[in-house]
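What follows is a short report on a single structure.
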There are 2 protein chains.
Amino acid sequence: MKKILPLVTIALVFALALPLFAADPLPSWNDTASKKAIVSFVEKVTKPGSPDFVPLPERIAVFDNDGTLWCEQPLPVQAFFALDRLKALAPQHPEWKTSEPFASLLKGDLKTALASGKRALIQLLMATHAGMTTAEFDQIVKDWIATARHPKTGKLYTDMVYQPMLEVLAYLRANGFKTFIVSGGGIEFMRPWAERVYGIPPEQVIGSSIKTKFEMRDGKPVLVRLPEVNFDDDRDGKPIGINQHIGRRPIAAFGNSDGDREMLEYTKAGGGARLCMLVLHDDGAREYAYGPAQGLPASKGGTFTQALYDQAKQQGWTVISMKDDWKKVFAFEGK
Amino acid sequence: MKKILPLVTIALVFALALPLFAADPLPSWNDTASKKAIVSFVEKVTKPGSPDFVPLPERIAVFDNDGTLWCEQPLPVQAFFALDRLKALAPQHPEWKTSEPFASLLKGDLKTALASGKRALIQLLMATHAGMTTAEFDQIVKDWIATARHPKTGKLYTDMVYQPMLEVLAYLRANGFKTFIVSGGGIEFMRPWAERVYGIPPEQVIGSSIKTKFEMRDGKPVLVRLPEVNFDDDRDGKPIGINQHIGRRPIAAFGNSDGDREMLEYTKAGGGARLCMLVLHDDGAREYAYGPAQGLPASKGGTFTQALYDQAKQQGWTVISMKDDWKKVFAFEGK
């Protein structure tokens, strides 16, 4: 008996410990520097007694959405949503046939429609995103996202999310992090599906917004969406939005474009261990190749400039190469 | 042996079950209708299979702060903070000696100073709450709240929190609720101490705010507080703020004044089991007596009108009588 007990104990210890070591939390990542940066950061900040240990409530990680968590090409998903809404609403708006940018948009001529720049985009957003209650808009988004499909892959947009990033979200949460979206996209466009797709609840979604008005309709209080910009959650808006919504500086930040620069700067400046990462879209075969950093083609969507790339190298941010660092981009690959 | 085992099991079951039943989660509440309303609501929404069952992510409870979680008399705490800041900054602002509302405020003549109403209040807030970085303001609030004392009791303001409400916060959280503050007070005035005092982390504090600006100072990114209102989280601002920050309708809401009416209406309108409660300050002996509902004296601070009281009765909201429902108002009582 004396000899057997320790053996049983050792066997038990191995049996219990094995799953912890055997399960790779990031199976869609190659064993390159990017994966190592993530794992070593998480181990450092979660190890009690480590000089880099971060208490649970301060483990805040922020993620851009378009191009960081899901595909933003050939257009950001919300643009497809707006165009579909415009077509659906067109019969009620005969005047759109003769007024820009609507006439060109309805003909599918985005180039002419958006030639005037941001103004046309805001007109499109206001015409398609305002005028209903927040509850109605929530349902409109849910209905659309349940069926709308990516023009190239034919997949649901919610299947066009990056499998490696889903693993990072889950890995961070398993280590006590609260994960937030901080996106230039519409806050109420993301919330209806972010919990199901990313495991991120509505109160942890930060984005651009329009103003709302409290109103009684048939004796019931509702919030009506107004055609007026409330907050632009891009560039310097990202740290401002983080401060407004979270009120605490993140210790990890993930982006993929110049619009994320200030968010990464703000995260990095906090002192202590920090993880700042940028996704470089250098995989034209499995997704899209665009930059223009590192000689990649320019893009209509997110813009990863060479200046941002150089700043990343200089400040110790990690650039994720989709081509080299990711075993798999989408969950549906190879199925 | 056959008889002993079941006995041991029964004893074990009792030993394990007893603490669950024995511990009253709301020991500072009398056994009146208010306490029963809280307990019966929590039991209903947390019981699997119950028609009123609410899944974990949807268990959202919102609390007003001034007059609901802590004392707002003879003035809201943030007003004392602003006045102390004004005195501290006065040597750098000799012009305040001859310009209103500052001259009267520095003399302690609030009546003259605030005669012009909201405009004077905003001038006071901007002069004392803007111009520094968010990190600097956080420290200023922490330093002040660590030592400033209530003029009547001589207690720290953070000891002037209502013990029964601390118990409700803890009870709800123990039952899977996320608890949020939704206050007309400054979001960045509450965050520096809300986690320590209420167990509510910064990302669950919603309040009024001023605009901020992202800026590089000595190569470090900071957010500078600007003398410009960003959001007024009072009355119809409360449901708007809830939608902006939480993006989900609460199932429980606690307030104490007309400024909370829309928040309670919005919470109640969601359908399903709802808990809407209003604290009535009818205990002049242990705290302050003010309304003017139910013939209580009018107040400079929060206003609980008779119309709000009547609406509460009509809509099935519960009015908490501090005098009758609370065994104890403050933790320091009887010590």
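Chain labels A, B, ... are given in the sequence in which chains occur in the structure tokens; within each chain residues are numbered consecutively from 1, and ligands are likewise numbered from 1 in the order shown.
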
Report task. As a ChimeraX atom specification, please: all residues of range 24-194 of chain A that backbone DSSP puts in helix (DSSP H, G or I). Result -> /A:33-46,56-58,77-92,94-98,102-106,110-113,118-129,134-145,157-159,163-174,187-194

**Report entry** Interface list for chain B, partner chain A, 9 Å threshold, only C-alpha atoms, as a ChimeraX atom specification
**Finding:** /B:57,134,187-188,191,201-206,209,211-215,220-223,236-237,239-240,243-248,262,265-266,269

Please produce a file of those selected residues containing N, CA, C and O atoms, as a compact mmCIF listing (two decimals), in the first residue's frame.
```txt
# COMPACT_ATOMS: atom_id res chain seq x y z
N PRO B 57 -27.51 36.91 -18.54
CA PRO B 57 -27.02 38.16 -19.16
C PRO B 57 -28.05 39.28 -19.13
O PRO B 57 -27.69 40.45 -19.28
N THR B 134 -8.03 63.57 -17.55
CA THR B 134 -8.93 62.65 -16.84
C THR B 134 -8.19 61.96 -15.69
O THR B 134 -8.76 61.73 -14.63
N ILE B 187 -20.10 61.36 -14.14
CA ILE B 187 -19.61 59.99 -14.30
C ILE B 187 -18.18 59.86 -13.74
O ILE B 187 -17.84 58.88 -13.08
N GLU B 188 -17.36 60.91 -13.95
CA GLU B 188 -15.96 60.82 -13.51
C GLU B 188 -15.81 61.29 -12.06
O GLU B 188 -14.72 61.19 -11.49
N ARG B 191 -16.79 57.41 -10.51
CA ARG B 191 -15.97 56.23 -10.80
C ARG B 191 -14.78 56.01 -9.87
O ARG B 191 -14.45 54.86 -9.57
N PRO B 201 -17.94 48.52 -10.73
CA PRO B 201 -16.74 48.94 -11.47
C PRO B 201 -17.03 50.11 -12.41
O PRO B 201 -18.20 50.35 -12.75
N PRO B 202 -15.98 50.84 -12.81
CA PRO B 202 -16.17 52.06 -13.62
C PRO B 202 -17.03 51.83 -14.86
O PRO B 202 -17.81 52.71 -15.23
N GLU B 203 -16.88 50.65 -15.50
CA GLU B 203 -17.63 50.42 -16.74
C GLU B 203 -19.12 50.22 -16.48
O GLU B 203 -19.90 50.14 -17.42
N GLN B 204 -19.52 50.16 -15.20
CA GLN B 204 -20.94 50.05 -14.88
C GLN B 204 -21.46 51.32 -14.20
O GLN B 204 -22.50 51.31 -13.56
N VAL B 205 -20.71 52.40 -14.37
CA VAL B 205 -21.16 53.70 -13.86
C VAL B 205 -21.56 54.57 -15.06
O VAL B 205 -20.77 54.76 -15.99
N ILE B 206 -22.79 55.06 -15.04
CA ILE B 206 -23.30 55.95 -16.08
C ILE B 206 -23.66 57.26 -15.40
O ILE B 206 -24.27 57.24 -14.33
N SER B 209 -21.67 63.99 -18.13
CA SER B 209 -20.25 64.13 -18.48
C SER B 209 -19.99 65.41 -19.25
O SER B 209 -20.90 66.02 -19.80
N LYS B 211 -17.20 67.07 -22.25
CA LYS B 211 -16.45 66.54 -23.39
C LYS B 211 -14.97 66.41 -23.02
O LYS B 211 -14.46 67.10 -22.13
N THR B 212 -14.28 65.50 -23.71
CA THR B 212 -12.84 65.37 -23.53
C THR B 212 -12.16 65.44 -24.89
O THR B 212 -12.79 65.21 -25.92
N LYS B 213 -10.85 65.74 -24.84
CA LYS B 213 -10.08 65.89 -26.06
C LYS B 213 -8.82 65.04 -25.94
O LYS B 213 -8.14 65.08 -24.91
N PHE B 214 -8.54 64.26 -26.98
CA PHE B 214 -7.33 63.43 -27.01
C PHE B 214 -6.16 64.32 -27.42
O PHE B 214 -6.24 65.06 -28.40
N GLU B 215 -5.07 64.22 -26.68
CA GLU B 215 -3.96 65.14 -26.91
C GLU B 215 -2.65 64.48 -26.52
O GLU B 215 -2.63 63.62 -25.63
N LYS B 220 3.09 61.68 -24.48
CA LYS B 220 2.15 60.72 -23.89
C LYS B 220 0.72 61.14 -24.23
O LYS B 220 0.37 62.31 -24.06
N PRO B 221 -0.10 60.17 -24.66
CA PRO B 221 -1.50 60.53 -24.95
C PRO B 221 -2.30 60.72 -23.68
O PRO B 221 -2.22 59.90 -22.76
N VAL B 222 -3.04 61.82 -23.62
CA VAL B 222 -3.91 62.08 -22.47
C VAL B 222 -5.27 62.53 -22.98
O VAL B 222 -5.42 62.92 -24.14
N LEU B 223 -6.25 62.48 -22.10
CA LEU B 223 -7.57 63.03 -22.39
C LEU B 223 -7.76 64.25 -21.51
O LEU B 223 -7.64 64.16 -20.28
N ASP B 236 -35.21 62.29 -19.01
CA ASP B 236 -35.20 61.46 -20.22
C ASP B 236 -33.78 61.05 -20.60
O ASP B 236 -33.58 60.11 -21.38
N GLY B 237 -32.78 61.74 -20.06
CA GLY B 237 -31.38 61.34 -20.30
C GLY B 237 -31.07 59.98 -19.70
O GLY B 237 -30.15 59.29 -20.17
N PRO B 239 -32.97 56.95 -19.54
CA PRO B 239 -33.11 55.84 -20.50
C PRO B 239 -32.18 55.98 -21.70
O PRO B 239 -31.67 54.97 -22.22
N ILE B 240 -31.93 57.21 -22.14
CA ILE B 240 -31.00 57.40 -23.27
C ILE B 240 -29.61 56.92 -22.88
O ILE B 240 -28.94 56.21 -23.64
N ASN B 243 -29.49 53.13 -22.70
CA ASN B 243 -29.39 52.52 -24.03
C ASN B 243 -27.99 52.67 -24.60
O ASN B 243 -27.43 51.75 -25.18
N GLN B 244 -27.40 53.86 -24.41
CA GLN B 244 -26.04 54.11 -24.92
C GLN B 244 -25.01 53.19 -24.27
O GLN B 244 -24.15 52.64 -24.95
N HIS B 245 -25.09 53.05 -22.95
CA HIS B 245 -24.04 52.33 -22.24
C HIS B 245 -24.32 50.84 -22.07
O HIS B 245 -23.39 50.04 -22.11
N ILE B 246 -25.57 50.49 -21.84
CA ILE B 246 -25.89 49.09 -21.56
C ILE B 246 -26.46 48.40 -22.80
O ILE B 246 -26.14 47.26 -23.09
N GLY B 247 -27.31 49.12 -23.54
CA GLY B 247 -27.87 48.55 -24.75
C GLY B 247 -28.85 47.43 -24.49
O GLY B 247 -29.10 46.59 -25.35
N ARG B 248 -29.39 47.40 -23.30
CA ARG B 248 -30.30 46.35 -22.90
C ARG B 248 -31.20 46.96 -21.83
O ARG B 248 -30.73 47.73 -21.00
N GLU B 262 -38.44 58.65 -15.77
CA GLU B 262 -38.33 58.03 -17.10
C GLU B 262 -37.55 56.72 -17.04
O GLU B 262 -37.83 55.79 -17.79
N GLU B 265 -40.04 54.21 -15.80
CA GLU B 265 -41.02 53.92 -16.86
C GLU B 265 -40.42 52.99 -17.91
O GLU B 265 -41.05 52.03 -18.36
N TYR B 266 -39.19 53.31 -18.30
CA TYR B 266 -38.51 52.53 -19.34
C TYR B 266 -38.26 51.09 -18.86
O TYR B 266 -38.43 50.13 -19.61
N ALA B 269 -41.64 49.14 -18.69
CA ALA B 269 -42.30 48.87 -19.97
C ALA B 269 -41.78 47.62 -20.67
O ALA B 269 -42.33 47.21 -21.69
```

Query raised in the report: CA of Ser183 in chain B and CA of Phe102 in chain B, how far apart in Å?
Result: 25.8 Å

Requested in this report: For Val329 in chain A, work out the shell of residues within 7 Å, counting only C-alpha atoms and skipping chain neighbours fewer than 4 positions away, then give it as a PyMOL selection string.
Outcome: chain A and resi 162-164+286

Report task. Skip range 115-119 of chain A itself and residues of its chain fewer than 6 positions away, then list as a list of chain:residue names all residues within 12 Å of it, counting only C-alpha atoms. Result ->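 So the residues in contact are A:Glu100, A:Pro101, A:Ser104, A:Leu105, A:Asp109, A:Leu125, A:Met126, A:Val229, A:Lys300.
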
Query raised in the report: Contacts of Ala61 in chain B at 6 Å or less, counting only C-alpha atoms, minus same-chain residues fewer than 5 places along, as number ranges by chain?
Result: B: 179, 250, 252-253

Requested in this report: Could you find all residues in range 149-282 of chain A that DSSP calls strand (DSSP E or B) from the backbone, and write them as an MDAnalysis selection string?
Outcome: chainID A and resid 149 156 161:162 178:186 205:217 220:231 252:255 275:282

Long-range neighbours of Pro74 in chain B as a PDB file with all heavy atoms, in the first residue's frame, 9 Å cut-off, only C-alpha atoms, 5 positions minimum in chain:
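selection20.pdb written:
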```pdb
ATOM      1  N   PRO B 151     -21.217  67.825   6.625  1.00  0.00           N
ATOM      2  CA  PRO B 151     -21.275  68.950   7.575  1.00  0.00           C
ATOM      3  C   PRO B 151     -22.101  68.654   8.834  1.00  0.00           C
ATOM      4  O   PRO B 151     -21.871  69.276   9.871  1.00  0.00           O
ATOM      5  CB  PRO B 151     -21.926  70.075   6.742  1.00  0.00           C
ATOM      6  CG  PRO B 151     -22.646  69.386   5.624  1.00  0.00           C
ATOM      7  CD  PRO B 151     -21.832  68.151   5.334  1.00  0.00           C
ATOM      8  N   LYS B 152     -23.046  67.734   8.762  1.00  0.00           N
ATOM      9  CA  LYS B 152     -23.897  67.482   9.940  1.00  0.00           C
ATOM     10  C   LYS B 152     -23.363  66.320  10.783  1.00  0.00           C
ATOM     11  O   LYS B 152     -23.241  66.444  11.994  1.00  0.00           O
ATOM     12  CB  LYS B 152     -25.331  67.168   9.489  1.00  0.00           C
ATOM     13  CG  LYS B 152     -26.323  66.993  10.634  1.00  0.00           C
ATOM     14  CD  LYS B 152     -27.762  66.917  10.111  1.00  0.00           C
ATOM     15  CE  LYS B 152     -28.562  65.818  10.795  1.00  0.00           C
ATOM     16  NZ  LYS B 152     -29.889  65.641  10.192  1.00  0.00           N
ATOM     17  N   TYR B 288     -32.810  62.732   6.571  1.00  0.00           N
ATOM     18  CA  TYR B 288     -33.486  63.993   6.301  1.00  0.00           C
ATOM     19  C   TYR B 288     -34.904  63.667   5.863  1.00  0.00           C
ATOM     20  O   TYR B 288     -35.137  62.604   5.279  1.00  0.00           O
ATOM     21  CB  TYR B 288     -32.776  64.773   5.192  1.00  0.00           C
ATOM     22  CG  TYR B 288     -31.430  65.335   5.604  1.00  0.00           C
ATOM     23  CD1 TYR B 288     -30.274  64.561   5.494  1.00  0.00           C
ATOM     24  CD2 TYR B 288     -31.308  66.634   6.109  1.00  0.00           C
ATOM     25  CE1 TYR B 288     -29.038  65.068   5.880  1.00  0.00           C
ATOM     26  CE2 TYR B 288     -30.070  67.149   6.494  1.00  0.00           C
ATOM     27  CZ  TYR B 288     -28.944  66.363   6.380  1.00  0.00           C
ATOM     28  OH  TYR B 288     -27.732  66.869   6.761  1.00  0.00           O
ATOM     29  N   SER B 299     -37.528  70.429  -0.812  1.00  0.00           N
ATOM     30  CA  SER B 299     -36.073  70.297  -0.664  1.00  0.00           C
ATOM     31  C   SER B 299     -35.360  71.006  -1.797  1.00  0.00           C
ATOM     32  O   SER B 299     -35.891  71.154  -2.897  1.00  0.00           O
ATOM     33  CB  SER B 299     -35.722  68.817  -0.684  1.00  0.00           C
ATOM     34  OG  SER B 299     -34.534  68.587  -1.392  1.00  0.00           O
ATOM     35  N   LYS B 300     -34.133  71.440  -1.503  1.00  0.00           N
ATOM     36  CA  LYS B 300     -33.319  72.047  -2.557  1.00  0.00           C
ATOM     37  C   LYS B 300     -32.751  70.969  -3.476  1.00  0.00           C
ATOM     38  O   LYS B 300     -32.446  71.203  -4.618  1.00  0.00           O
ATOM     39  CB  LYS B 300     -32.159  72.833  -1.934  1.00  0.00           C
ATOM     40  CG  LYS B 300     -32.550  74.213  -1.448  1.00  0.00           C
ATOM     41  CD  LYS B 300     -31.389  74.849  -0.693  1.00  0.00           C
ATOM     42  CE  LYS B 300     -31.030  74.004   0.520  1.00  0.00           C
ATOM     43  NZ  LYS B 300     -30.170  74.672   1.492  1.00  0.00           N
ATOM     44  N   GLY B 301     -32.563  69.776  -2.903  1.00  0.00           N
ATOM     45  CA  GLY B 301     -31.943  68.703  -3.689  1.00  0.00           C
ATOM     46  C   GLY B 301     -32.980  67.922  -4.469  1.00  0.00           C
ATOM     47  O   GLY B 301     -33.860  68.494  -5.094  1.00  0.00           O
TER      48      GLY B 301
END
```

Requested in this report: Determine, counting only C-alpha atoms, which protein, DNA and RNA residues have an atom within 8 Å of an atom of range 305-320 of chain A; residues of the same chain fewer than 5 positions away are not included. Present the result as a list in words.
Outcome: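 Those residues are Ser34, Ala37, Ser257, Asp258, Arg261, Leu275, Cys276, Met277, Leu278, Val279, Leu280, Gly291, Pro292, Ala293, Gln294 and Asp325 of chain A.
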
Using only C-alpha atoms, please write the residues we just selected to a file, as a PDB file, in the first residue's frame.
```pdb
ATOM      1  CA  SER A  34       2.449  36.754 -32.689  1.00  0.00           C
ATOM      2  CA  ALA A  37       3.387  37.496 -27.748  1.00  0.00           C
ATOM      3  CA  SER A 257      -5.909  50.348 -39.443  1.00  0.00           C
ATOM      4  CA  ASP A 258      -4.939  53.965 -38.939  1.00  0.00           C
ATOM      5  CA  ARG A 261      -3.707  54.234 -33.824  1.00  0.00           C
ATOM      6  CA  LEU A 275      -0.349  43.895 -25.568  1.00  0.00           C
ATOM      7  CA  CYS A 276      -0.923  45.992 -28.678  1.00  0.00           C
ATOM      8  CA  MET A 277      -1.604  44.152 -31.944  1.00  0.00           C
ATOM      9  CA  LEU A 278      -2.475  45.098 -35.522  1.00  0.00           C
ATOM     10  CA  VAL A 279      -3.846  42.660 -38.099  1.00  0.00           C
ATOM     11  CA  LEU A 280      -2.125  43.046 -41.488  1.00  0.00           C
ATOM     12  CA  GLY A 291      -2.565  47.977 -46.929  1.00  0.00           C
ATOM     13  CA  PRO A 292      -0.954  50.051 -48.347  1.00  0.00           C
ATOM     14  CA  ALA A 293       1.728  49.128 -45.760  1.00  0.00           C
ATOM     15  CA  GLN A 294       4.477  46.747 -46.982  1.00  0.00           C
ATOM     16  CA  ASP A 325       0.487  33.719 -38.338  1.00  0.00           C
TER      17      ASP A 325
END
```

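Counting only C-alpha atoms, the residue from A:Ala113, A:Leu296, A:Val62, A:Met160 that sits nearest to Ile181 in chain A is A:Val62.
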